[in-house]
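Since the structure comes first, as structure tokens, the remarks are kept for the end.
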Amino acid sequence: MTNGAHDRPWLTVLLRILPEFSPQDCCAALESAGAAGQVLMAACHEAMRPQIMPLGQDMVRRGAMHAFRCYSPSAGQPCLEALNLAAGQAHTPYLLLLSSAVRLLPGSLPAMRHRLESSDRLAGVNPLFLYRQEAFGPPASLADNVAPFQARIAHMGSVGDCLGQLRYLYEGLPLEHDLARKRRFFQLAHMGALLLRREDFLAVGGFAAALDELAPQDFCLRLAAQQPTDPGHDHRRFFSSEPDALAVLADDIDSWKTCGLWNSLLLRGRLHPGLLHPDQPEHARQDGLDYACTGWLHPGPSLASGLEREAAGMCATPATPGMSAWLRWRHDPGPQSLLDMIGLLPHAQQCASLTLCRDLPDSLPRALSWYVKAARRLRDYGHAEGYSVLAAQAGEWLQRAKDFRRESLRPGMRALQEEGLYTCGLDNCPAVYDAWLELAEQESSIAGAAPKECAAQEKRYSELMVGHQWPKIAVVMPVYSPQPEHLRAALDSVLGQTYPHWQLCIADDASTDPYTPEILSAYAAQDVRLRYVRRESNGHISLASNSALEMVDAPWTGFFDHDDLLAPTALEQMAEVAASVPRLGLAFSDEDKVDSRGVRRTPIFKADFDPWTQYVWHFSVYSTELLRRLGGLRPGLEGSQDYDLSLRATECLGPEQIVHVPHVLYHWRIHEGSSSGAVGAKPYVLEATRRALNESAARQGLSAVAAPAGRNNFYTLQFAAPTRRCSVALLARHERAVQAGLWQALTRLAALLPLEVLCQPLTPDGGAAFAAVPSSLAARLLPPPQGREDSRALGSMPGVK
């Protein structure tokens, strides 16, 4: 190998080795792909080094590579940190980010380099990624021969749809189709094989490794961002896929993992919907295709126009039945197509798919409210941007939304339930709550109860029942400059109650916007049950709530924030409790949160009242007489004023006077600045919570202080350690040693209070179980029953006295 300038490497291959995909096939293909004589830098965890080191050293020895080096991250660090380090030490003008799940086909790299050098607007170039010929069949391998005329595209480019979701453009399109030959621009690239300039990689600081699986998308968005050097011109850059460069992708379900993660975070409000520009519809328009949506409101290009029949369905003649089912689900993700697809997968992929279903909420059906909101957005987008087919289909869907719930959504969820996809907790599968809302809670239809049903209930609640009368409930609502649409929704949720005997007492805390008093005055004029006062000056939530409380003349009072929602039966169920429980002082319900799209999530299913946990929160209804006796809410505890009230109230009540209503009756709205989204949005909440709990302990004469519970920003009472000696008795029937964890726990406890440990063998041989007692513990070995001491154990236990 000469040292002339023309022989110097132009490329450094940054190979990220994934544990589930061997690097052998990937490395073997580099030479024919055009990387001969270049530099290979591998990034892998320490356990993978024995696999890659011989490969890299052999490639250098044969002259296939100019140089090789392997990087491993420090313990606990992500592998992307090693890639950043390798890029910083590279000296070539170009980098190829490569995954061990990818095999580049011959001649790909020169074509990718030529494409990248053709335009300064390109930040990076991908090949066209192809499915393995036996995808969704035998175990994944990169060594499969791919006949181009049979191949299907796994990734042409990453696009955003009109809902802000991440999609792969024309996923499953036959490679020989005309649309596969177009050179396109994209806002995101695929990290499986990406050619880019080294100076660009370093300019943006490489990967933000802390973002883990979102780091590739973050890297692309930063790399393609508009440069501020010339504000008068658009310097945004893009990515492209080169049709003359091909690669085989061994990870058959790559699109599910990548798009599913993004879309699940978007679904749960963790990503801003405007991060991705909606370029999917633009590609469809440029290709002469309609932009439409399926029955499950999956937007995408309609391939029925301008494509041959075999490609129109994207899966009419696939290589395997598994591929057919996969593409059917990818382009119309309903429950039955999901079950069909999983049923045809090999066992290993079935297990991976079930894990993805539970980890990624985007994989499973949502509650109806999400679909209704999505249909409205699709309809409005279609009208605004001129996609008439999309607007018409979304409009038709809205007209038959009830039929969709009855004929598709609920049957589909039941089918998933029968197959066990919901048999796990909310922490493991957030979509479980969507299914619970549809199948267990039995929500009313979109328009609510039918007028005849409402009239019948109104009549029932207007009648005097035998033995008791339905009580009136007041709802206290302090208001200060909420978003108008949130305020109207809150008011409408009270007006729409199935229970008619209520009064809504509203105190406007001197709102600064002009809309709030106009809205409140208009609503108060429509219904005599609304009572409204406007405070002359702002006094914050406690004083505003007390102003509203002054207008109450009902025996029961519930508290309601100005942007939250009550379930339609909230007051009905509270009234039933109030009418049936003698001397009731407080009733509280379960609750959840509702996001800007009206999607309910993060439920809090509470236990019955426990004075040591205080899980009361929303929706709470108190005896009005008790509230007046307590003086209402206390100023100075804003942020936890309702928590302080529940502490003071429950100190005055017996357990039989506090009732938990096991239904979700309150929907806490999540939006910017709301403490429902994150306590960090209102830091003073934590201090108010700590103070309220400390003062409660003082009132009860407890020797305890509030301390962080260690998670979820909760506080708990930490009691002073007792001064009298405490004894712990350990019993052992066999010689099996006491577990080390138990000794460690007792050692920690002994550091807090005077502690003695009594080791009691139950048999003559049982004393051996205590042989490892720590010398720091004050431990005594007692004789076994009937006075038979185990002398062997006594002589070998240095910590026993």
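All residue names refer to the structure tokens as shown: chains lettered A, B, ... in order, residues numbered from 1 in each chain, ligands numbered from 1 in order.
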For stretch 721-730 of chain A, please output as an mmCIF file with C-alpha atoms, in the first residue's frame all residues within 6 Å (counting only C-alpha atoms; exclusion window: fewer than 5 positions along the same chain).
data_model
loop_
_atom_site.group_PDB
_atom_site.id
_atom_site.type_symbol
_atom_site.label_atom_id
_atom_site.label_comp_id
_atom_site.auth_asym_id
_atom_site.auth_seq_id
_atom_site.Cartn_x
_atom_site.Cartn_y
_atom_site.Cartn_z
ATOM 1 C CA LEU A 753 -32.547 2.674 66.428
ATOM 2 C CA PRO A 754 -31.336 0.499 69.330
ATOM 3 C CA LEU A 755 -31.728 -3.028 68.002
ATOM 4 C CA GLU A 756 -31.031 -6.523 69.232
ATOM 5 C CA VAL A 757 -31.332 -9.600 67.012
ATOM 6 C CA LEU A 758 -32.477 -12.838 68.650
ATOM 7 C CA CYS A 759 -31.406 -15.861 66.593
ATOM 8 C CA GLN A 760 -33.693 -18.776 67.450
#
### Message
Please identify the strand (DSSP E) residues within stretch 365-556 of chain A (assignment by DSSP from backbone atoms) and present them as a list of chain:residue names.
### Response
A:Ile473, A:Ala474, A:Val475, A:Val476, A:Met477, A:Pro478, A:Val479, A:Trp502, A:Gln503, A:Leu504, A:Cys505, A:Ile506, A:Ala507, A:Asp508, A:Leu530, A:Arg531, A:Tyr532, A:Val533, A:Arg534, A:Trp556
### Message
Residues near A:His501, anyone? I mean within 9 Å using only C-alpha atoms, not counting same-chain ones fewer than 6 positions away, as a list in words.
### Response
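Residues meeting the cut-off are Tyr461, Ser462, Trp470, Pro471, Lys472, Ile473, Ala474, Arg529, Leu571, Glu572 and Ala575 of chain A.
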Written file, previous selection with C-alpha atoms, as a PDB file, in the first residue's frame:
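Full text of result18.pdb as output:
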ATOM      1  CA  TYR A 461     -83.748  12.624  40.025  1.00  0.00           C
ATOM      2  CA  SER A 462     -86.630  15.072  40.359  1.00  0.00           C
ATOM      3  CA  TRP A 470     -81.533  13.358  46.508  1.00  0.00           C
ATOM      4  CA  PRO A 471     -79.084  15.933  47.918  1.00  0.00           C
ATOM      5  CA  LYS A 472     -77.926  19.062  46.178  1.00  0.00           C
ATOM      6  CA  ILE A 473     -74.187  19.322  45.415  1.00  0.00           C
ATOM      7  CA  ALA A 474     -72.281  22.551  44.903  1.00  0.00           C
ATOM      8  CA  ARG A 529     -77.743  27.042  38.659  1.00  0.00           C
ATOM      9  CA  LEU A 571     -72.251  14.280  40.552  1.00  0.00           C
ATOM     10  CA  GLU A 572     -74.725  11.419  40.205  1.00  0.00           C
ATOM     11  CA  ALA A 575     -75.044  12.104  45.269  1.00  0.00           C
TER      12      ALA A 575
END
### Task
Can you work out the spacing between atom CA of A:Gly539 and atom CA of A:Val475 in Å, to one decimal?
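Straight-line distance from atom CA of A:Gly539 to atom CA of A:Val475 works out to 19.6 Å.
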### Message
Quick one: residues within 12 Å of A:Leu211, only C-alpha atoms, excluding same-chain residues fewer than 6 positions away - as a ChimeraX atom specification?
### Response
/A:77-81,217-219
Among the residues of stretch 459-671 of chain A, find those DSSP assigns to alpha helix (DSSP H) from the backbone and print them as a compact mmCIF listing (two decimals) with N, CA, C and O atoms, in the first residue's frame.
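In the end it all went to result27.txt:
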# COMPACT_ATOMS: atom_id res chain seq x y z
N LYS A 459 -86.17 13.11 35.17
CA LYS A 459 -87.40 12.85 35.89
C LYS A 459 -87.13 12.03 37.15
O LYS A 459 -87.67 12.28 38.22
N ARG A 460 -86.22 10.99 37.01
CA ARG A 460 -85.93 10.13 38.16
C ARG A 460 -85.33 10.93 39.30
O ARG A 460 -85.68 10.74 40.46
N TYR A 461 -84.41 11.86 38.98
CA TYR A 461 -83.75 12.62 40.03
C TYR A 461 -84.62 13.76 40.56
O TYR A 461 -84.30 14.36 41.57
N SER A 462 -85.71 14.05 39.87
CA SER A 462 -86.63 15.07 40.36
C SER A 462 -87.65 14.49 41.33
O SER A 462 -88.35 15.22 42.03
N PRO A 484 -59.66 30.00 26.64
CA PRO A 484 -61.12 30.03 26.47
C PRO A 484 -61.73 28.66 26.15
O PRO A 484 -62.78 28.30 26.70
N GLU A 485 -61.07 27.89 25.28
CA GLU A 485 -61.65 26.59 24.93
C GLU A 485 -61.63 25.62 26.11
O GLU A 485 -62.53 24.79 26.24
N HIS A 486 -60.62 25.75 26.98
CA HIS A 486 -60.58 24.89 28.16
C HIS A 486 -61.66 25.28 29.15
O HIS A 486 -62.29 24.42 29.77
N LEU A 487 -61.89 26.58 29.32
CA LEU A 487 -62.93 27.05 30.24
C LEU A 487 -64.31 26.60 29.76
O LEU A 487 -65.13 26.12 30.56
N ARG A 488 -64.56 26.75 28.47
CA ARG A 488 -65.87 26.32 27.95
C ARG A 488 -66.06 24.81 28.14
O ARG A 488 -67.16 24.35 28.50
N ALA A 489 -65.02 24.05 27.89
CA ALA A 489 -65.13 22.59 28.07
C ALA A 489 -65.41 22.24 29.52
O ALA A 489 -66.20 21.33 29.81
N ALA A 490 -64.77 22.94 30.46
CA ALA A 490 -65.01 22.68 31.88
C ALA A 490 -66.45 23.00 32.25
O ALA A 490 -67.12 22.21 32.94
N LEU A 491 -66.93 24.14 31.81
CA LEU A 491 -68.32 24.51 32.10
C LEU A 491 -69.30 23.53 31.48
O LEU A 491 -70.29 23.13 32.11
N ASP A 492 -69.02 23.13 30.25
CA ASP A 492 -69.92 22.19 29.57
C ASP A 492 -69.95 20.84 30.28
O ASP A 492 -70.98 20.16 30.28
N SER A 493 -68.83 20.45 30.90
CA SER A 493 -68.82 19.16 31.59
C SER A 493 -69.70 19.19 32.83
O SER A 493 -70.20 18.14 33.26
N VAL A 494 -69.90 20.36 33.43
CA VAL A 494 -70.83 20.48 34.55
C VAL A 494 -72.27 20.54 34.03
O VAL A 494 -73.17 19.87 34.55
N LEU A 495 -72.48 21.34 33.00
CA LEU A 495 -73.84 21.45 32.44
C LEU A 495 -74.32 20.11 31.89
O LEU A 495 -75.53 19.86 31.84
N TYR A 515 -61.65 37.66 27.70
CA TYR A 515 -62.55 36.58 27.32
C TYR A 515 -63.20 35.91 28.52
O TYR A 515 -64.37 35.53 28.46
N THR A 516 -62.46 35.78 29.61
CA THR A 516 -62.98 35.03 30.75
C THR A 516 -64.27 35.61 31.30
O THR A 516 -65.28 34.89 31.44
N PRO A 517 -64.33 36.93 31.64
CA PRO A 517 -65.61 37.45 32.15
C PRO A 517 -66.74 37.37 31.14
O PRO A 517 -67.90 37.16 31.52
N GLU A 518 -66.42 37.50 29.85
CA GLU A 518 -67.48 37.40 28.83
C GLU A 518 -68.05 35.99 28.80
O GLU A 518 -69.28 35.81 28.74
N ILE A 519 -67.18 34.99 28.84
CA ILE A 519 -67.64 33.60 28.80
C ILE A 519 -68.46 33.28 30.05
O ILE A 519 -69.55 32.69 29.96
N LEU A 520 -67.97 33.68 31.21
CA LEU A 520 -68.66 33.35 32.45
C LEU A 520 -70.02 34.04 32.53
O LEU A 520 -71.01 33.44 32.96
N SER A 521 -70.08 35.30 32.10
CA SER A 521 -71.36 36.02 32.12
C SER A 521 -72.36 35.37 31.19
O SER A 521 -73.55 35.24 31.52
N ALA A 522 -71.88 34.94 30.02
CA ALA A 522 -72.79 34.31 29.06
C ALA A 522 -73.34 32.99 29.59
O ALA A 522 -74.53 32.71 29.48
N TYR A 523 -72.49 32.19 30.20
CA TYR A 523 -72.94 30.90 30.75
C TYR A 523 -73.88 31.12 31.93
O TYR A 523 -74.89 30.40 32.08
N ALA A 524 -73.58 32.09 32.80
CA ALA A 524 -74.43 32.35 33.96
C ALA A 524 -75.82 32.80 33.54
O ALA A 524 -76.80 32.52 34.25
N ALA A 525 -75.90 33.49 32.41
CA ALA A 525 -77.20 33.96 31.93
C ALA A 525 -78.04 32.82 31.37
O ALA A 525 -79.27 32.94 31.27
N GLN A 526 -77.40 31.71 31.01
CA GLN A 526 -78.13 30.60 30.39
C GLN A 526 -78.74 29.64 31.42
O GLN A 526 -79.69 28.94 31.11
N HIS A 540 -55.23 34.78 44.38
CA HIS A 540 -54.75 33.42 44.15
C HIS A 540 -55.84 32.40 44.50
O HIS A 540 -56.92 32.74 44.97
N ILE A 541 -55.52 31.14 44.30
CA ILE A 541 -56.55 30.10 44.23
C ILE A 541 -57.27 29.88 45.55
O ILE A 541 -58.47 29.61 45.57
N SER A 542 -56.59 30.02 46.68
CA SER A 542 -57.26 29.76 47.96
C SER A 542 -58.34 30.80 48.24
O SER A 542 -59.48 30.45 48.57
N LEU A 543 -58.00 32.07 48.13
CA LEU A 543 -58.98 33.12 48.38
C LEU A 543 -60.09 33.09 47.34
O LEU A 543 -61.26 33.34 47.67
N ALA A 544 -59.74 32.81 46.08
CA ALA A 544 -60.78 32.73 45.05
C ALA A 544 -61.74 31.58 45.34
O ALA A 544 -62.95 31.71 45.19
N SER A 545 -61.21 30.44 45.78
CA SER A 545 -62.08 29.31 46.12
C SER A 545 -62.98 29.66 47.29
O SER A 545 -64.17 29.31 47.31
N ASN A 546 -62.44 30.38 48.27
CA ASN A 546 -63.26 30.78 49.42
C ASN A 546 -64.35 31.75 49.01
O ASN A 546 -65.46 31.72 49.56
N SER A 547 -64.06 32.62 48.03
CA SER A 547 -65.10 33.53 47.53
C SER A 547 -66.23 32.75 46.89
O SER A 547 -67.42 33.08 47.06
N ALA A 548 -65.88 31.70 46.16
CA ALA A 548 -66.92 30.86 45.56
C ALA A 548 -67.65 30.07 46.62
O ALA A 548 -68.88 29.87 46.54
N LEU A 549 -66.94 29.63 47.64
CA LEU A 549 -67.55 28.86 48.72
C LEU A 549 -68.59 29.68 49.48
O LEU A 549 -69.59 29.13 49.98
N ALA A 570 -70.32 12.14 37.33
CA ALA A 570 -69.57 12.45 38.55
C ALA A 570 -70.50 12.85 39.70
O ALA A 570 -70.42 12.31 40.81
N LEU A 571 -71.38 13.81 39.48
CA LEU A 571 -72.25 14.28 40.55
C LEU A 571 -73.31 13.25 40.90
O LEU A 571 -73.74 13.15 42.06
N GLU A 572 -73.75 12.47 39.93
CA GLU A 572 -74.72 11.42 40.21
C GLU A 572 -74.16 10.41 41.20
O GLU A 572 -74.82 10.04 42.18
N GLN A 573 -72.93 9.98 40.96
CA GLN A 573 -72.35 8.97 41.85
C GLN A 573 -72.03 9.55 43.22
O GLN A 573 -72.16 8.86 44.24
N MET A 574 -71.61 10.80 43.27
CA MET A 574 -71.37 11.43 44.57
C MET A 574 -72.68 11.62 45.33
O MET A 574 -72.74 11.46 46.56
N ALA A 575 -73.74 11.93 44.62
CA ALA A 575 -75.04 12.10 45.27
C ALA A 575 -75.54 10.79 45.86
O ALA A 575 -76.13 10.77 46.96
N GLU A 576 -75.31 9.70 45.15
CA GLU A 576 -75.73 8.40 45.68
C GLU A 576 -74.99 8.07 46.97
O GLU A 576 -75.57 7.53 47.92
N VAL A 577 -73.70 8.40 47.04
CA VAL A 577 -72.95 8.17 48.27
C VAL A 577 -73.46 9.05 49.39
O VAL A 577 -73.67 8.61 50.53
N ALA A 578 -73.67 10.34 49.07
CA ALA A 578 -74.12 11.28 50.09
C ALA A 578 -75.49 10.87 50.66
O ALA A 578 -75.76 11.07 51.84
N ALA A 579 -76.32 10.29 49.79
CA ALA A 579 -77.66 9.91 50.24
C ALA A 579 -77.67 8.60 51.01
O ALA A 579 -78.63 8.31 51.75
N SER A 580 -76.63 7.79 50.85
CA SER A 580 -76.67 6.45 51.44
C SER A 580 -75.72 6.26 52.62
O SER A 580 -75.83 5.25 53.34
N THR A 624 -70.39 20.56 53.42
CA THR A 624 -70.22 22.02 53.42
C THR A 624 -70.07 22.54 54.84
O THR A 624 -69.29 23.47 55.10
N GLU A 625 -70.81 21.93 55.78
CA GLU A 625 -70.69 22.36 57.17
C GLU A 625 -69.27 22.15 57.69
O GLU A 625 -68.72 23.00 58.41
N LEU A 626 -68.63 21.04 57.29
CA LEU A 626 -67.25 20.79 57.70
C LEU A 626 -66.31 21.83 57.09
O LEU A 626 -65.41 22.33 57.77
N LEU A 627 -66.53 22.18 55.83
CA LEU A 627 -65.67 23.17 55.18
C LEU A 627 -65.75 24.52 55.89
O LEU A 627 -64.74 25.19 56.09
N ARG A 628 -66.95 24.90 56.28
CA ARG A 628 -67.10 26.19 56.96
C ARG A 628 -66.44 26.14 58.34
O ARG A 628 -65.83 27.12 58.79
N ARG A 629 -66.55 24.98 58.99
CA ARG A 629 -65.92 24.85 60.29
C ARG A 629 -64.40 24.92 60.18
O ARG A 629 -63.72 25.44 61.07
N LEU A 630 -63.85 24.43 59.10
CA LEU A 630 -62.40 24.47 58.90
C LEU A 630 -61.91 25.81 58.37
O LEU A 630 -60.70 26.05 58.30
N GLN A 641 -53.12 23.56 48.25
CA GLN A 641 -54.20 24.01 49.13
C GLN A 641 -55.27 22.93 49.29
O GLN A 641 -55.84 22.76 50.37
N ASP A 642 -55.52 22.13 48.24
CA ASP A 642 -56.50 21.06 48.35
C ASP A 642 -55.95 19.89 49.18
O ASP A 642 -56.69 19.24 49.93
N TYR A 643 -54.64 19.65 49.08
CA TYR A 643 -54.01 18.62 49.90
C TYR A 643 -54.07 19.01 51.37
O TYR A 643 -54.41 18.19 52.24
N ASP A 644 -53.76 20.27 51.67
CA ASP A 644 -53.84 20.76 53.05
C ASP A 644 -55.27 20.64 53.58
O ASP A 644 -55.48 20.25 54.73
N LEU A 645 -56.25 20.96 52.74
CA LEU A 645 -57.65 20.84 53.16
C LEU A 645 -58.00 19.40 53.49
O LEU A 645 -58.65 19.13 54.52
N SER A 646 -57.55 18.45 52.67
CA SER A 646 -57.87 17.05 52.94
C SER A 646 -57.21 16.58 54.23
O SER A 646 -57.81 15.79 54.99
N LEU A 647 -56.01 17.07 54.53
CA LEU A 647 -55.36 16.71 55.79
C LEU A 647 -56.16 17.23 56.98
O LEU A 647 -56.43 16.49 57.94
N ARG A 648 -56.55 18.48 56.92
CA ARG A 648 -57.28 19.07 58.05
C ARG A 648 -58.65 18.42 58.21
O ARG A 648 -59.12 18.21 59.33
N ALA A 649 -59.29 18.09 57.07
CA ALA A 649 -60.62 17.50 57.15
C ALA A 649 -60.57 16.08 57.71
O ALA A 649 -61.36 15.71 58.59
N THR A 650 -59.64 15.28 57.21
CA THR A 650 -59.61 13.88 57.66
C THR A 650 -59.16 13.75 59.11
O THR A 650 -59.46 12.73 59.75
### Message
Can you tell me which residues surround A:Gln744 at a distance of at most 12 Å, considering only C-alpha atoms, apart from same-chain residues fewer than 4 positions away, and format the answer as a ChimeraX atom specification?
### Response
/A:738-740,748-751,772-777
### Polymer residues at most 12 Å from A:Pro23, only C-alpha atoms, same-chain spacing of 4 or more positions, as a PyMOL selection string
chain A and resi 15-19+27-30+42-44+48-56+98-103+141-143+250
Any idea what's packed within 10 Å of A:His114, counting only C-alpha atoms, ignoring anything in its chain fewer than 5 positions away? Could you give it as a PDB file with all heavy atoms, in the first residue's frame?
ATOM      1  N   LEU A 109     -21.228   2.362  -2.399  1.00  0.00           N
ATOM      2  CA  LEU A 109     -20.579   3.550  -1.836  1.00  0.00           C
ATOM      3  C   LEU A 109     -20.178   4.582  -2.876  1.00  0.00           C
ATOM      4  O   LEU A 109     -20.365   5.793  -2.647  1.00  0.00           O
ATOM      5  CB  LEU A 109     -19.374   3.120  -1.001  1.00  0.00           C
ATOM      6  CG  LEU A 109     -19.726   2.555   0.384  1.00  0.00           C
ATOM      7  CD1 LEU A 109     -18.500   2.004   1.076  1.00  0.00           C
ATOM      8  CD2 LEU A 109     -20.377   3.621   1.247  1.00  0.00           C
ATOM      9  N   SER A 119     -24.530  18.061  -4.329  1.00  0.00           N
ATOM     10  CA  SER A 119     -25.276  19.203  -3.804  1.00  0.00           C
ATOM     11  C   SER A 119     -24.846  19.522  -2.382  1.00  0.00           C
ATOM     12  O   SER A 119     -24.739  18.617  -1.546  1.00  0.00           O
ATOM     13  CB  SER A 119     -26.787  18.904  -3.828  1.00  0.00           C
ATOM     14  OG  SER A 119     -27.520  19.931  -3.190  1.00  0.00           O
ATOM     15  N   VAL A 125     -26.561  10.823   2.726  1.00  0.00           N
ATOM     16  CA  VAL A 125     -27.189   9.978   1.713  1.00  0.00           C
ATOM     17  C   VAL A 125     -27.299   8.557   2.240  1.00  0.00           C
ATOM     18  O   VAL A 125     -26.336   7.996   2.782  1.00  0.00           O
ATOM     19  CB  VAL A 125     -26.386   9.996   0.395  1.00  0.00           C
ATOM     20  CG1 VAL A 125     -26.970   9.005  -0.604  1.00  0.00           C
ATOM     21  CG2 VAL A 125     -26.374  11.403  -0.209  1.00  0.00           C
ATOM     22  N   GLU A 242     -30.177   7.097  -2.472  1.00  0.00           N
ATOM     23  CA  GLU A 242     -29.655   6.939  -3.824  1.00  0.00           C
ATOM     24  C   GLU A 242     -30.150   5.624  -4.426  1.00  0.00           C
ATOM     25  O   GLU A 242     -29.814   4.540  -3.931  1.00  0.00           O
ATOM     26  CB  GLU A 242     -28.129   6.965  -3.794  1.00  0.00           C
ATOM     27  CG  GLU A 242     -27.456   6.646  -5.104  1.00  0.00           C
ATOM     28  CD  GLU A 242     -27.986   7.477  -6.272  1.00  0.00           C
ATOM     29  OE1 GLU A 242     -28.089   8.724  -6.115  1.00  0.00           O
ATOM     30  OE2 GLU A 242     -28.318   6.883  -7.311  1.00  0.00           O
TER      31      GLU A 242
END
Contacts of stretch 301-394 of chain A with stretch 261-265 of chain A up to 10 Å, shortest pair per row, only C-alpha atoms, as a Markdown table:
| residue | atom | partner | partner_atom | distance |
| --- | --- | --- | --- | --- |
| A:Leu356 | CA | A:Leu261 | CA | 9.2 |
| A:Asp359 | CA | A:Leu261 | CA | 8.6 |
| A:Leu360 | CA | A:Ser264 | CA | 5.5 |
| A:Pro361 | CA | A:Ser264 | CA | 5.3 |
| A:Asp362 | CA | A:Ser264 | CA | 4.7 |
| A:Ser363 | CA | A:Ser264 | CA | 8.0 |
| A:Leu364 | CA | A:Ser264 | CA | 10.0 |
### Query
If you measure from atom CA of A:Gln24 to atom CA of A:Ala245, what distance in Å do you get, rounded to one decimal?
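Atom-to-atom, atom CA of A:Gln24 to atom CA of A:Ala245, that is 20.5 Å.
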### Query
If you measure from atom CA of A:Ala375 to atom CA of A:Tyr168, what distance in Å do you get, rounded to one decimal?
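Spanning atom CA of A:Ala375 to atom CA of A:Tyr168 is a straight-line distance of 21.3 Å.
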Please build the interface table for stretch 324-392 of chain A against stretch 433-440 of chain A with a cut-off of 12 Å, listing for each qualifying residue the nearest atom pair and the distance in Å to one decimal; count only C-alpha atoms, order rows by chain and increasing number, and write it as CSV.
residue,atom,partner,partner_atom,distance
A:Pro335,CA,A:Ala435,CA,11.8
A:Arg358,CA,A:Tyr433,CA,11.7
A:Pro361,CA,A:Asp434,CA,9.3
A:Asp362,CA,A:Asp434,CA,11.2
A:Leu364,CA,A:Asp434,CA,9.0
A:Pro365,CA,A:Asp434,CA,7.5
A:Arg366,CA,A:Asp434,CA,5.4
A:Ala367,CA,A:Asp434,CA,4.8
A:Leu368,CA,A:Glu438,CA,7.6
A:Ser369,CA,A:Asp434,CA,9.7
A:Trp370,CA,A:Asp434,CA,9.7
A:Tyr371,CA,A:Asp434,CA,11.6
